[in-house]
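First up is the structure itself, then whatever we jot down about it.
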Amino acid sequence: METKKTSLYKLHQDCNAKFVEFAGYQMPIQYAEGIVEEHKFTRNHSGIFDVSHMGQLFIYGGDELIKDLEKIFPLDLKNLKLNHSKYSFLMDKDAGIQDDLIITKINEGFLIILNAACKDNDLRILKELLNEKYEMVLDENRSLIAIQGPKSSQILNEVVVGVKDLNFMSGDWFSFENQKVYITRSGYTGEDGFEISISNDFADKLTRKLINKGSKLVGLGARDTLRLEAGLCLYGHDLDKDKTPVEANLKWAISKERISKGDFIGSDIIIKQLNDGVTKIRVGIKPEGRIIAREKTKIFNQSDVHIGEITSGTFGPSVNGPVAMGYVENQFSKKDTKVFLEVRGKKHAASICSLPFYKKSYVKGAN
Amino acid sequence: MSEVKYSKEHEWIKLEGDVATIGITKHATEMLGDIVFAELPEKGSNVEKDGTAGVVESTKAASDVYTPVSGEVVDTNQEIVDDPSKINQDPENSAWFFKLKIKDKSEMESLMNKDDYDKFAKETTT
């Protein structure tokens with residue numbers, strides 16, 4: 001299958017991007033300045049991320065759709081206000097995570113942002129679960145552009161007036177060159193920021209305007225270091241079908257009201273795990289010194305017993321040191337527990353730590 | 001005059017007397033991106049031609065550093081361990097990796113000169 005290109009491909013080339021294939025797309029891993037500079041620029045100013053490879057699934061329907069979606073997602077959707085967003089998961093019957101996602105209530109139904117590598121499978125699953133009762137569009141005609149970092153609100157507001165008044169995890173329709181754009185205040189960096197859903201034909205123009213106002217393109221490389229410092233999970237690494245939201249330490253994202261009724265896919269397992277506890281759980285891990293422990297690094301306890309594995313690990317440019325997350329046996333998950341990481345045959349000291357590694361600076365209205 | 005030679009694994013080597021200074025090339029640093037970790041061989045240890053003699057890591061991945069000749073490690077550059085970004089800034093000069101007391105000067109013969117290496121580096125990236 002030929003690799004796809006996003007509508008910003010030409011712009012990436014103009015900005016000297018290095019490309020990698022990711023989930024069937026040619027995506028920029030970094031630009032001329034490199035991952036560390038791009039990372040720091042996002043933290044201190046404003047970075048633009050092309051995330052058009054992600055799925056934008058529009059599902060149209062009314063009250064019946066809400067009821068049907070509540071059978072799937074562990075969310076209190078009937079009380080989700082118009083233009084408000086929630087983080088959630090698509091689970092299988094064993095509560096294994098098929099994908100993690102952001103779902104937003106829009107006027108005619110819902111907009112769900114899906115991971116690129118999962119989106120086609122998600123659509124198939126959702127169509128089957130919803131018995132094809134509703135109109136569903138995985139919209140390939142829209143790009144998704146994220147702008148993240150402390151100067152982003154001011155920069156984006158100069159191009160799309162009014163966005164600065166959005167609250168965190170909420171969105172609205174705005175206008176750019178007479179085009180309807182849907183913008184949410186959200187992101188994946190631990191910074192204040194926005195995600196802009198815009199027609200492919202106007203994505204390049206919008207992005208060039210944002211660059212002219214002082215923002216810079218940032219590649220997938222820095223996106224990964226930023227999200228890991230912020231303690232956010234990456235599907236296919238920190239989350240997958242063999243892990244549940246409770247094991248992933250994401251129970252905050254499950255509606256308490258829905259747990260009390262327990263009528264969604266995977267609810268039996270979720271309730272059982274919430275009551276009885278889990279055997280493994282996701283934690284933050286801080287290696288001592290500079291050693292970088294990457295995905296699949298084995299974790300040992302002080303008695304040299306294998307107790308878990310790293311699922312994401314890199315160097316955090318803002319932390320100025322190595323950062324990692326992984327799963328350990330529950331009894332070793334307490335903050336400050338000493339562990340050892342096996343890197344290139346040698347064991348290196350590390351400790352369990354709380355997440356995030358880098359403190360968030362989201363705006364008001366966080367829920 | 002000491003000549004600088006280059007390996008296919010993108011190391012440079014400069015021989016002065018029987019002591020060789022070894023580092024990675026500018027081309028290597030450009031391929032790796034921002035280097036955030038460096039591990040060097042132990043002083044006093046012996047390394048064999050084409051064997052691993054260190055590690056560099058970028059934010060993306062780890063890569064082995066090979067030694068283009070055999071010898072005993074007589075010095076290592078602690079500065080690049082403490083601040084690996086120096087490798088990106090000055091790879092073919094102050095950010096050297098280690099110095100070897102070499103065993104066999106003839107091992108230098110199979111290495112490339114600057115022109116051949118530049119050609120090789122260009123071919124391997126395109």
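Chains: A, B, ... in order of the structure tokens. Residues: from 1 per chain. Ligands: from 1, in order shown.
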
If we count only C-alpha atoms and set the cut-off at 9 Å, which residues sit around stretch 49-57 of chain A, ignoring sequence neighbours fewer than 6 positions away in its own chain? Please answer as a ChimeraX atom specification. /A:4-8,22-25,27-28,110-120,123,136-140,142-148,195,197,216-220,223

Residues just named, written with C-alpha atoms as a PDB file, in the first residue's frame:
ATOM      1  CA  LYS A   4      -0.247   8.592   2.367  1.00  0.00           C
ATOM      2  CA  LYS A   5       0.736  12.219   2.592  1.00  0.00           C
ATOM      3  CA  THR A   6      -1.023  14.868   4.647  1.00  0.00           C
ATOM      4  CA  SER A   7      -2.054  18.200   3.158  1.00  0.00           C
ATOM      5  CA  LEU A   8       0.956  19.815   4.872  1.00  0.00           C
ATOM      6  CA  PHE A  22       4.116   6.240  10.637  1.00  0.00           C
ATOM      7  CA  ALA A  23       0.820   4.334  10.518  1.00  0.00           C
ATOM      8  CA  GLY A  24       0.908   4.386   6.721  1.00  0.00           C
ATOM      9  CA  TYR A  25       1.674   8.105   6.439  1.00  0.00           C
ATOM     10  CA  MET A  27       5.199  12.125   8.658  1.00  0.00           C
ATOM     11  CA  PRO A  28       7.848  14.605   9.806  1.00  0.00           C
ATOM     12  CA  PHE A 110     -20.105  13.449  18.448  1.00  0.00           C
ATOM     13  CA  LEU A 111     -16.600  13.980  17.112  1.00  0.00           C
ATOM     14  CA  ILE A 112     -14.107  11.302  18.150  1.00  0.00           C
ATOM     15  CA  ILE A 113     -10.363  11.742  17.606  1.00  0.00           C
ATOM     16  CA  LEU A 114      -8.702   8.347  17.092  1.00  0.00           C
ATOM     17  CA  ASN A 115      -5.123   7.134  16.830  1.00  0.00           C
ATOM     18  CA  ALA A 116      -3.864   6.839  13.260  1.00  0.00           C
ATOM     19  CA  ALA A 117      -2.829   3.196  13.537  1.00  0.00           C
ATOM     20  CA  CYS A 118      -6.184   2.214  15.080  1.00  0.00           C
ATOM     21  CA  LYS A 119      -8.708   4.344  13.221  1.00  0.00           C
ATOM     22  CA  ASP A 120      -9.799   1.900  10.516  1.00  0.00           C
ATOM     23  CA  LEU A 123     -14.498   2.358  12.691  1.00  0.00           C
ATOM     24  CA  MET A 136     -20.491   7.764  10.572  1.00  0.00           C
ATOM     25  CA  VAL A 137     -17.815   9.631   8.677  1.00  0.00           C
ATOM     26  CA  LEU A 138     -14.105   9.039   9.176  1.00  0.00           C
ATOM     27  CA  ASP A 139     -13.333  12.336   7.516  1.00  0.00           C
ATOM     28  CA  GLU A 140     -10.277  12.180   5.237  1.00  0.00           C
ATOM     29  CA  ARG A 142     -10.113  17.387   7.061  1.00  0.00           C
ATOM     30  CA  SER A 143      -6.645  17.971   8.465  1.00  0.00           C
ATOM     31  CA  LEU A 144      -5.855  18.158  12.163  1.00  0.00           C
ATOM     32  CA  ILE A 145      -3.342  20.760  13.280  1.00  0.00           C
ATOM     33  CA  ALA A 146      -2.274  21.133  16.904  1.00  0.00           C
ATOM     34  CA  ILE A 147      -0.701  24.295  18.277  1.00  0.00           C
ATOM     35  CA  GLN A 148       0.824  23.924  21.723  1.00  0.00           C
ATOM     36  CA  GLU A 195      -6.349  21.248  18.043  1.00  0.00           C
ATOM     37  CA  SER A 197      -9.914  20.497  12.479  1.00  0.00           C
ATOM     38  CA  LYS A 216       7.195  26.826  14.489  1.00  0.00           C
ATOM     39  CA  LEU A 217       6.586  23.351  13.105  1.00  0.00           C
ATOM     40  CA  VAL A 218       7.491  20.533  15.495  1.00  0.00           C
ATOM     41  CA  GLY A 219       7.873  16.888  14.480  1.00  0.00           C
ATOM     42  CA  LEU A 220       6.720  13.585  15.932  1.00  0.00           C
ATOM     43  CA  ARG A 223       5.794  15.235  20.283  1.00  0.00           C
TER      44      ARG A 223
END

Any chance you could list, as a VMD selection string, the residues in stretch 20-197 of chain A that come up helix (DSSP H, G or I) when DSSP is run on the backbone? chain A and resid 35 to 44 63 to 70 77 to 79 119 to 129 152 to 159 163 to 165

Keeping only C-alpha atoms, write the selected residues to a file as a short mmCIF file (atom, residue, chain, number, x, y, z; two decimals), in the first residue's frame.
data_model
loop_
_atom_site.label_atom_id
_atom_site.label_comp_id
_atom_site.auth_asym_id
_atom_site.auth_seq_id
_atom_site.Cartn_x
_atom_site.Cartn_y
_atom_site.Cartn_z
CA ILE A 35 14.09 17.39 18.51
CA VAL A 36 15.57 19.09 21.58
CA GLU A 37 15.15 22.64 20.18
CA GLU A 38 11.65 21.85 18.91
CA HIS A 39 10.73 20.46 22.31
CA LYS A 40 12.02 23.51 24.18
CA PHE A 41 10.43 25.92 21.71
CA THR A 42 7.06 24.29 22.38
CA ARG A 43 7.51 24.58 26.16
CA ASN A 44 8.67 28.22 25.96
CA ASP A 63 -30.64 10.77 22.28
CA GLU A 64 -30.64 7.20 21.00
CA LEU A 65 -27.02 7.59 19.86
CA ILE A 66 -26.08 8.82 23.35
CA LYS A 67 -27.64 5.71 24.88
CA ASP A 68 -25.89 3.44 22.39
CA LEU A 69 -22.50 5.11 22.89
CA GLU A 70 -22.84 4.75 26.67
CA LEU A 77 -22.38 11.14 27.87
CA LYS A 78 -25.96 12.22 28.61
CA ASN A 79 -24.55 14.92 30.89
CA LYS A 119 -8.71 4.34 13.22
CA ASP A 120 -9.80 1.90 10.52
CA ASN A 121 -10.21 -0.92 13.01
CA ASP A 122 -12.05 1.42 15.42
CA LEU A 123 -14.50 2.36 12.69
CA ARG A 124 -15.14 -1.30 11.89
CA ILE A 125 -15.72 -2.10 15.58
CA LEU A 126 -17.99 0.90 16.14
CA LYS A 127 -20.05 0.20 13.00
CA GLU A 128 -20.60 -3.33 14.19
CA LEU A 129 -21.48 -2.27 17.75
CA SER A 152 -0.20 29.54 21.25
CA SER A 153 -3.39 31.16 22.52
CA GLN A 154 -2.22 34.62 21.53
CA ILE A 155 -0.84 33.46 18.16
CA LEU A 156 -3.89 31.42 17.16
CA ASN A 157 -6.25 34.18 18.35
CA GLU A 158 -4.61 36.59 15.88
CA VAL A 159 -5.53 34.21 13.05
CA VAL A 163 -10.24 31.01 20.42
CA LYS A 164 -8.54 32.50 23.48
CA ASP A 165 -11.86 32.35 25.34
#

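Selecting strand (DSSP E) from the backbone DSSP output for stretch 7-87 of chain A yields A:Lys18, A:Phe19, A:Val20, A:Glu21, A:Phe22, A:Tyr25, A:Gln26, A:Met27, A:Pro28, A:Ile29, A:Gln30, A:Gly47, A:Ile48, A:Phe49, A:Asp50, A:Gly55, A:Gln56, A:Leu57, A:Phe58, A:Ile59, A:Tyr60, A:Ser85, A:Lys86, A:Tyr87.
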
Restrict the selected residues to N, CA and C atoms and save them as a PDB file, in the first residue's frame.
ATOM      1  N   LYS A  18      12.668  15.864   8.189  1.00  0.00           N
ATOM      2  CA  LYS A  18      13.082  14.475   7.969  1.00  0.00           C
ATOM      3  C   LYS A  18      11.819  13.644   8.142  1.00  0.00           C
ATOM      4  N   PHE A  19      11.549  12.786   7.176  1.00  0.00           N
ATOM      5  CA  PHE A  19      10.295  12.034   7.214  1.00  0.00           C
ATOM      6  C   PHE A  19      10.497  10.606   7.724  1.00  0.00           C
ATOM      7  N   VAL A  20       9.457  10.083   8.354  1.00  0.00           N
ATOM      8  CA  VAL A  20       9.405   8.659   8.672  1.00  0.00           C
ATOM      9  C   VAL A  20       8.030   8.162   8.274  1.00  0.00           C
ATOM     10  N   GLU A  21       7.939   6.854   8.047  1.00  0.00           N
ATOM     11  CA  GLU A  21       6.609   6.310   7.806  1.00  0.00           C
ATOM     12  C   GLU A  21       5.993   5.989   9.156  1.00  0.00           C
ATOM     13  N   PHE A  22       4.798   6.481   9.370  1.00  0.00           N
ATOM     14  CA  PHE A  22       4.116   6.240  10.637  1.00  0.00           C
ATOM     15  C   PHE A  22       2.656   5.947  10.343  1.00  0.00           C
ATOM     16  N   TYR A  25       1.514   6.720   6.906  1.00  0.00           N
ATOM     17  CA  TYR A  25       1.674   8.105   6.439  1.00  0.00           C
ATOM     18  C   TYR A  25       3.147   8.504   6.433  1.00  0.00           C
ATOM     19  N   GLN A  26       3.514   9.373   5.506  1.00  0.00           N
ATOM     20  CA  GLN A  26       4.811  10.023   5.528  1.00  0.00           C
ATOM     21  C   GLN A  26       4.706  11.194   6.495  1.00  0.00           C
ATOM     22  N   MET A  27       5.340  11.078   7.642  1.00  0.00           N
ATOM     23  CA  MET A  27       5.199  12.125   8.658  1.00  0.00           C
ATOM     24  C   MET A  27       6.559  12.716   9.028  1.00  0.00           C
ATOM     25  N   PRO A  28       6.578  13.991   9.400  1.00  0.00           N
ATOM     26  CA  PRO A  28       7.848  14.605   9.806  1.00  0.00           C
ATOM     27  C   PRO A  28       8.257  14.156  11.206  1.00  0.00           C
ATOM     28  N   ILE A  29       9.438  13.576  11.339  1.00  0.00           N
ATOM     29  CA  ILE A  29       9.933  13.198  12.674  1.00  0.00           C
ATOM     30  C   ILE A  29      10.598  14.406  13.330  1.00  0.00           C
ATOM     31  N   GLN A  30      11.252  15.232  12.501  1.00  0.00           N
ATOM     32  CA  GLN A  30      11.871  16.459  13.009  1.00  0.00           C
ATOM     33  C   GLN A  30      12.147  17.392  11.837  1.00  0.00           C
ATOM     34  N   GLY A  47       4.552  25.579  19.431  1.00  0.00           N
ATOM     35  CA  GLY A  47       4.884  24.622  18.380  1.00  0.00           C
ATOM     36  C   GLY A  47       3.629  24.156  17.646  1.00  0.00           C
ATOM     37  N   ILE A  48       3.793  23.915  16.347  1.00  0.00           N
ATOM     38  CA  ILE A  48       2.669  23.424  15.520  1.00  0.00           C
ATOM     39  C   ILE A  48       2.948  21.975  15.147  1.00  0.00           C
ATOM     40  N   PHE A  49       1.960  21.122  15.313  1.00  0.00           N
ATOM     41  CA  PHE A  49       2.102  19.704  15.018  1.00  0.00           C
ATOM     42  C   PHE A  49       1.073  19.299  13.969  1.00  0.00           C
ATOM     43  N   ASP A  50       1.546  18.660  12.913  1.00  0.00           N
ATOM     44  CA  ASP A  50       0.622  18.084  11.938  1.00  0.00           C
ATOM     45  C   ASP A  50       0.185  16.719  12.469  1.00  0.00           C
ATOM     46  N   GLY A  55      -7.457   9.948  13.208  1.00  0.00           N
ATOM     47  CA  GLY A  55      -8.808   9.809  12.679  1.00  0.00           C
ATOM     48  C   GLY A  55      -9.739  10.870  13.260  1.00  0.00           C
ATOM     49  N   GLN A  56     -10.553  11.468  12.407  1.00  0.00           N
ATOM     50  CA  GLN A  56     -11.593  12.385  12.863  1.00  0.00           C
ATOM     51  C   GLN A  56     -12.927  11.740  12.496  1.00  0.00           C
ATOM     52  N   LEU A  57     -13.502  11.100  13.487  1.00  0.00           N
ATOM     53  CA  LEU A  57     -14.731  10.348  13.243  1.00  0.00           C
ATOM     54  C   LEU A  57     -15.941  11.148  13.713  1.00  0.00           C
ATOM     55  N   PHE A  58     -16.781  11.524  12.770  1.00  0.00           N
ATOM     56  CA  PHE A  58     -18.030  12.212  13.096  1.00  0.00           C
ATOM     57  C   PHE A  58     -19.148  11.176  13.125  1.00  0.00           C
ATOM     58  N   ILE A  59     -19.872  11.115  14.245  1.00  0.00           N
ATOM     59  CA  ILE A  59     -21.042  10.226  14.326  1.00  0.00           C
ATOM     60  C   ILE A  59     -22.266  11.094  14.579  1.00  0.00           C
ATOM     61  N   TYR A  60     -23.252  10.957  13.712  1.00  0.00           N
ATOM     62  CA  TYR A  60     -24.433  11.818  13.808  1.00  0.00           C
ATOM     63  C   TYR A  60     -25.619  11.071  14.387  1.00  0.00           C
ATOM     64  N   SER A  85     -15.329  18.088  25.857  1.00  0.00           N
ATOM     65  CA  SER A  85     -14.591  16.887  25.458  1.00  0.00           C
ATOM     66  C   SER A  85     -14.243  16.032  26.666  1.00  0.00           C
ATOM     67  N   LYS A  86     -14.111  14.735  26.427  1.00  0.00           N
ATOM     68  CA  LYS A  86     -13.664  13.794  27.457  1.00  0.00           C
ATOM     69  C   LYS A  86     -12.648  12.828  26.859  1.00  0.00           C
ATOM     70  N   TYR A  87     -11.685  12.440  27.682  1.00  0.00           N
ATOM     71  CA  TYR A  87     -10.732  11.398  27.308  1.00  0.00           C
ATOM     72  C   TYR A  87     -11.378  10.052  27.617  1.00  0.00           C
TER      73      TYR A  87
END

At a cut-off of 9 Å, list the chain A residues touching chain B, using only C-alpha atoms, as JSON, numbers by chain. {"A": [34, 35, 36, 37, 221, 222, 225, 290, 291, 292, 294, 314, 315, 316, 317, 321, 322]}

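Coordinates place atom CA of A:Leu341 at a distance of 9.6 Å from atom CA of A:Gly308.
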
Near-B:Ile22 list (10 Å; only C-alpha atoms; drop same-chain fewer than 6 positions) as a PyMOL selection string: chain B and resi 4-6+11-15+66-69+76+92-93+95-100

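The residue that comes closest to B:Glu72, out of B:Glu9, B:Glu3, B:Glu48, B:Asp118 and on the basis of only C-alpha atoms, is B:Glu48.
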
Please provide as a list in words all residues within 9 Å of A:Arg208, with the sequence filter that same-chain residues fewer than 5 positions apart are discarded (counting only C-alpha atoms).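 My list of contacting residues is Leu11, Ala203 and Lys213 of chain A.
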
Pick from B:Val56, B:Asp115, B:Ala20, B:Asp83 nearest to B:Ile102, counting only C-alpha atoms: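 Closest candidate: B:Ala20.
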
Which residue is closest to A:Asn320? Choose from A:His306, A:Glu229, A:Ile285, A:Leu206 and count only C-alpha atoms.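 Among the listed residues, A:Glu229 lies closest to A:Asn320.
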
Residue neighbourhood A:Asn83, 6 Å, only C-alpha atoms, exclusion window fewer than 4 positions, as a count of residues only: 5
